[in-house]
$ cat data_35.cif   # mmCIF, C-alpha atoms, pLDDT in the B column; chains and numbers go by the auth columns
data_input
#
loop_
_atom_site.group_PDB
_atom_site.id
_atom_site.type_symbol
_atom_site.label_atom_id
_atom_site.label_comp_id
_atom_site.label_asym_id
_atom_site.label_seq_id
_atom_site.Cartn_x
_atom_site.Cartn_y
_atom_site.Cartn_z
_atom_site.B_iso_or_equiv
_atom_site.auth_seq_id
_atom_site.auth_asym_id
ATOM 1 C CA MET A 1 -3.414 49.542 -17.119 49.00 57 A
ATOM 2 C CA GLY A 2 -2.969 47.011 -19.902 53.00 58 A
ATOM 3 C CA LYS A 3 0.555 46.043 -18.806 54.00 59 A
ATOM 4 C CA LYS A 4 -0.484 45.651 -15.182 53.00 60 A
ATOM 5 C CA ASN A 5 -3.430 43.374 -16.027 53.00 61 A
ATOM 6 C CA LYS A 6 -1.249 41.362 -18.392 53.00 62 A
ATOM 7 C CA LYS A 7 1.404 40.848 -15.689 52.00 63 A
ATOM 8 C CA SER A 8 -1.161 39.833 -13.070 50.00 64 A
ATOM 9 C CA LEU A 9 -2.707 37.426 -15.578 48.00 65 A
ATOM 10 C CA GLU A 10 0.709 35.872 -16.241 52.00 66 A
ATOM 11 C CA VAL A 11 1.326 35.494 -12.495 48.00 67 A
ATOM 12 C CA LYS A 12 -2.059 33.771 -12.033 49.00 68 A
ATOM 13 C CA GLU A 13 -1.396 31.424 -14.952 49.00 69 A
ATOM 14 C CA THR A 14 2.053 30.551 -13.584 49.00 70 A
ATOM 15 C CA ALA A 15 0.656 29.895 -10.116 47.00 71 A
ATOM 16 C CA THR A 16 -2.099 27.687 -11.534 47.00 72 A
ATOM 17 C CA GLU A 17 0.399 25.711 -13.600 48.00 73 A
ATOM 18 C CA GLU A 18 2.564 25.099 -10.498 46.00 74 A
ATOM 19 C CA VAL A 19 -0.436 23.752 -8.566 45.00 75 A
ATOM 20 C CA VAL A 20 -1.368 21.491 -11.461 44.00 76 A
ATOM 21 C CA GLN A 21 2.191 20.175 -11.698 47.00 77 A
ATOM 22 C CA GLU A 22 2.278 19.355 -7.958 48.00 78 A
ATOM 23 C CA ALA A 23 -1.082 17.546 -7.918 47.00 79 A
ATOM 24 C CA ASP A 24 -1.010 16.024 -11.395 53.00 80 A
ATOM 25 C CA PRO A 25 -1.046 12.222 -11.041 54.00 81 A
ATOM 26 C CA ALA A 26 -0.044 11.803 -14.694 52.00 82 A
ATOM 27 C CA ASP A 27 3.021 14.052 -14.498 52.00 83 A
ATOM 28 C CA ASP A 28 4.328 14.499 -18.046 51.00 84 A
ATOM 29 C CA ASP A 29 7.783 15.551 -16.837 52.00 85 A
ATOM 30 C CA ALA A 30 8.345 12.367 -14.828 63.00 86 A
ATOM 31 C CA LEU A 31 10.516 9.612 -16.217 83.00 87 A
ATOM 32 C CA ILE A 32 8.050 6.966 -15.031 82.00 88 A
ATOM 33 C CA PRO A 33 4.316 7.609 -15.541 85.00 89 A
ATOM 34 C CA TYR A 34 2.068 7.722 -12.488 78.00 90 A
ATOM 35 C CA HIS A 35 0.056 4.605 -13.367 82.00 91 A
ATOM 36 C CA THR A 36 3.278 2.634 -13.808 88.00 92 A
ATOM 37 C CA LYS A 37 4.451 3.725 -10.363 85.00 93 A
ATOM 38 C CA GLN A 38 1.111 2.655 -8.875 85.00 94 A
ATOM 39 C CA ALA A 39 1.302 -0.735 -10.601 88.00 95 A
ATOM 40 C CA SER A 40 4.855 -1.333 -9.399 90.00 96 A
ATOM 41 C CA ILE A 41 3.900 -0.410 -5.825 89.00 97 A
ATOM 42 C CA ALA A 42 0.962 -2.814 -5.973 89.00 98 A
ATOM 43 C CA LEU A 43 3.215 -5.605 -7.264 94.00 99 A
ATOM 44 C CA LEU A 44 5.766 -4.933 -4.530 94.00 100 A
ATOM 45 C CA TYR A 45 3.024 -5.160 -1.885 93.00 101 A
ATOM 46 C CA LEU A 46 1.846 -8.415 -3.450 95.00 102 A
ATOM 47 C CA LEU A 47 5.391 -9.842 -3.472 97.00 103 A
ATOM 48 C CA PHE A 48 6.027 -8.770 0.123 97.00 104 A
ATOM 49 C CA PHE A 49 2.796 -10.250 1.447 97.00 105 A
ATOM 50 C CA SER A 50 3.275 -13.426 -0.614 97.00 106 A
ATOM 51 C CA ILE A 51 6.655 -13.943 1.011 97.00 107 A
ATOM 52 C CA LEU A 52 5.097 -13.330 4.423 97.00 108 A
ATOM 53 C CA MET A 53 2.272 -15.738 3.646 96.00 109 A
ATOM 54 C CA PHE A 54 4.782 -18.428 2.726 97.00 110 A
ATOM 55 C CA THR A 55 7.307 -18.012 5.555 98.00 111 A
ATOM 56 C CA LEU A 56 5.297 -16.953 8.611 98.00 112 A
ATOM 57 C CA PRO A 57 2.975 -20.001 8.727 98.00 113 A
ATOM 58 C CA PHE A 58 5.999 -22.322 8.735 98.00 114 A
ATOM 59 C CA ALA A 59 7.559 -20.302 11.541 98.00 115 A
ATOM 60 C CA ALA A 60 4.276 -20.329 13.476 98.00 116 A
ATOM 61 C CA PHE A 61 3.788 -24.071 12.932 98.00 117 A
ATOM 62 C CA TYR A 62 7.263 -25.171 13.985 98.00 118 A
ATOM 63 C CA GLY A 63 7.570 -22.531 16.710 97.00 119 A
ATOM 64 C CA THR A 64 4.272 -23.588 18.270 97.00 120 A
ATOM 65 C CA ARG A 65 5.226 -27.233 17.886 97.00 121 A
ATOM 66 C CA HIS A 66 8.547 -26.656 19.647 96.00 122 A
ATOM 67 C CA VAL A 67 7.020 -24.680 22.519 96.00 123 A
ATOM 68 C CA LEU A 68 4.202 -27.160 23.090 96.00 124 A
ATOM 69 C CA THR A 69 6.438 -30.232 23.081 95.00 125 A
ATOM 70 C CA GLU A 70 9.266 -28.728 25.160 95.00 126 A
ATOM 71 C CA TYR A 71 7.362 -26.747 27.780 96.00 127 A
ATOM 72 C CA PHE A 72 3.831 -28.179 27.946 95.00 128 A
ATOM 73 C CA HIS A 73 4.503 -31.884 27.179 91.00 129 A
ATOM 74 C CA LEU A 74 1.257 -32.435 25.258 94.00 130 A
ATOM 75 C CA THR A 75 0.458 -35.466 23.126 95.00 131 A
ATOM 76 C CA ASP A 76 1.501 -35.515 19.481 96.00 132 A
ATOM 77 C CA PHE A 77 -2.082 -35.112 18.263 97.00 133 A
ATOM 78 C CA GLU A 78 -2.704 -32.033 20.442 97.00 134 A
ATOM 79 C CA VAL A 79 0.617 -30.509 19.434 97.00 135 A
ATOM 80 C CA THR A 80 -0.182 -31.010 15.736 97.00 136 A
ATOM 81 C CA CYS A 81 -3.686 -29.540 16.105 97.00 137 A
ATOM 82 C CA TYR A 82 -2.483 -26.412 17.900 98.00 138 A
ATOM 83 C CA SER A 83 0.424 -25.973 15.495 97.00 139 A
ATOM 84 C CA VAL A 84 -1.869 -26.180 12.468 98.00 140 A
ATOM 85 C CA LEU A 85 -4.267 -23.720 14.117 98.00 141 A
ATOM 86 C CA ALA A 86 -1.395 -21.269 14.677 98.00 142 A
ATOM 87 C CA ALA A 87 -0.323 -21.567 11.024 98.00 143 A
ATOM 88 C CA VAL A 88 -3.875 -21.025 9.725 98.00 144 A
ATOM 89 C CA LEU A 89 -4.373 -17.983 11.977 98.00 145 A
ATOM 90 C CA THR A 90 -1.078 -16.560 10.748 98.00 146 A
ATOM 91 C CA VAL A 91 -2.145 -16.879 7.105 97.00 147 A
ATOM 92 C CA ASN A 92 -5.471 -15.175 7.869 98.00 148 A
ATOM 93 C CA ILE A 93 -3.711 -12.311 9.648 98.00 149 A
ATOM 94 C CA VAL A 94 -1.397 -11.768 6.656 97.00 150 A
ATOM 95 C CA ILE A 95 -4.385 -11.766 4.277 97.00 151 A
ATOM 96 C CA GLY A 96 -6.179 -9.245 6.498 97.00 152 A
ATOM 97 C CA LEU A 97 -3.132 -6.976 6.555 97.00 153 A
ATOM 98 C CA TYR A 98 -2.899 -7.162 2.769 96.00 154 A
ATOM 99 C CA ALA A 99 -6.537 -6.097 2.473 95.00 155 A
ATOM 100 C CA ILE A 100 -6.017 -3.208 4.905 96.00 156 A
ATOM 101 C CA PHE A 101 -3.005 -1.976 2.917 93.00 157 A
ATOM 102 C CA GLY A 102 -5.105 -2.179 -0.244 91.00 158 A
ATOM 103 C CA PHE A 103 -7.817 0.018 1.284 93.00 159 A
ATOM 104 C CA ILE A 104 -5.221 2.523 2.471 93.00 160 A
ATOM 105 C CA GLU A 105 -3.697 2.731 -1.013 89.00 161 A
ATOM 106 C CA ALA A 106 -7.146 3.179 -2.568 88.00 162 A
ATOM 107 C CA LYS A 107 -7.853 6.117 -0.233 91.00 163 A
ATOM 108 C CA LYS A 108 -4.508 7.718 -1.110 89.00 164 A
ATOM 109 C CA GLU A 109 -5.275 7.275 -4.815 86.00 165 A
ATOM 110 C CA GLN A 110 -8.717 8.819 -4.400 89.00 166 A
ATOM 111 C CA LYS A 111 -7.288 11.842 -2.550 90.00 167 A
ATOM 112 C CA THR A 112 -4.685 12.374 -5.264 85.00 168 A
ATOM 113 C CA VAL A 113 -7.312 12.227 -8.010 85.00 169 A
ATOM 114 C CA GLN A 114 -9.571 14.651 -6.124 89.00 170 A
ATOM 115 C CA GLN A 115 -6.692 17.117 -5.658 88.00 171 A
ATOM 116 C CA PHE A 116 -5.915 16.848 -9.353 83.00 172 A
ATOM 117 C CA ALA A 117 -9.558 17.459 -10.261 87.00 173 A
ATOM 118 C CA LYS A 118 -9.732 20.511 -7.966 86.00 174 A
ATOM 119 C CA SER A 119 -6.566 21.952 -9.442 87.00 175 A
ATOM 120 C CA LYS A 120 -7.891 21.452 -12.973 84.00 176 A
ATOM 121 C CA ALA A 121 -11.184 23.127 -12.008 85.00 177 A
ATOM 122 C CA ASN A 122 -9.273 26.194 -10.757 78.00 178 A
#

$ encode --input "data_35.cif" --output "structure tokens"
Amino acid sequence: MGKKNKKSLEVKETATEEVVQEADPADDDALIPYHTKQASIALLYLLFFSILMFTLPFAAFYGTRHVLTEYFHLTDFEVTCYSVLAAVLTVNIVIGLYAIFGFIEAKKEQKTVQQFAKSKAN
């Protein structure tokens, strides 16, 4: 009876340790700590959206300018106004997408922390 209980206890401890290792956000065995991975992902998102925020408004401005002058034959003032409007809308869309990605990442982080807390409670 003592050996059987000891073996079942070892199996339960091993199973619990495996669950903790899968859900542990601060995995000790990893080469890169969890918080460092999260920081690098955040910086990559920032770099990506910064590049988009720099390049897309220029493309929107000059693309709109080209289309309006070639196909619609508007005055220079109207072309400039619509081109600037297109560039400003493009910047606002990129900022909105960056915020949405931030909220998505925060939800993922919260789920990971909750799974880790549940596994530690068990």

$ resolve_selection --input "data_35.cif" --expression "the PyMOL selection byres ((chain A and resi 150) around 9)" --output "list of chain:residue names"
A:Phe105, A:Ser106, A:Leu108, A:Met109, A:Leu112, A:Leu145, A:Thr146, A:Val147, A:Asn148, A:Ile149, A:Ile151, A:Gly152, A:Leu153, A:Tyr154, A:Ala155

$ atom_distance --input "data_35.cif" --atom1 "CA of Gln171 (chain A)" --atom2 "CA of Ser96 (chain A)"
22.1 Å

$ atom_distance --input "data_35.cif" --atom1 "CA of Arg121 (chain A)" --atom2 "CA of Glu134 (chain A)"
9.6 Å

$ atom_distance --input "data_35.cif" --atom1 "CA of Phe104 (chain A)" --atom2 "CA of Lys163 (chain A)"
20.4 Å

$ resolve_selection --input "data_35.cif" --expression "the PyMOL selection byres ((chain A and resi 135) around 12)" --output "PyMOL selection string"
chain A and resi 117-134+136-142

$ axis_aligned_box --input "data_35.cif" --around "region 98-103 of chain A" --padding-each-side "6 Å" --output "JSON"
{"center_x": 3.4, "center_y": -6.3, "center_z": -4.6, "size_x": 16.8, "size_y": 19.0, "size_z": 17.4}

$ closest_residue --input "data_35.cif" --among "A:Ala177, A:Gln94, A:Phe110, A:Leu99" --to "Ala162 (chain A)" --atoms "all atoms listed in the file"
A:Gln94

$ residues_around --input "data_35.cif" --residues "Ala98 (chain A)" --least-positions-apart "4" --cutoff "9 Å" --atoms "only C-alpha atoms" --output "PDB file with C-alpha atoms, in the coordinates of the input"
ATOM      1  CA  LYS A  93       4.451   3.725 -10.363  1.00 85.00           C
ATOM      2  CA  GLN A  94       1.111   2.655  -8.875  1.00 85.00           C
ATOM      3  CA  LEU A 102       1.846  -8.415  -3.450  1.00 95.00           C
ATOM      4  CA  LEU A 103       5.391  -9.842  -3.472  1.00 97.00           C
ATOM      5  CA  GLY A 158      -5.105  -2.179  -0.244  1.00 91.00           C
ATOM      6  CA  GLU A 161      -3.697   2.731  -1.013  1.00 89.00           C
TER       7      GLU A 161
END
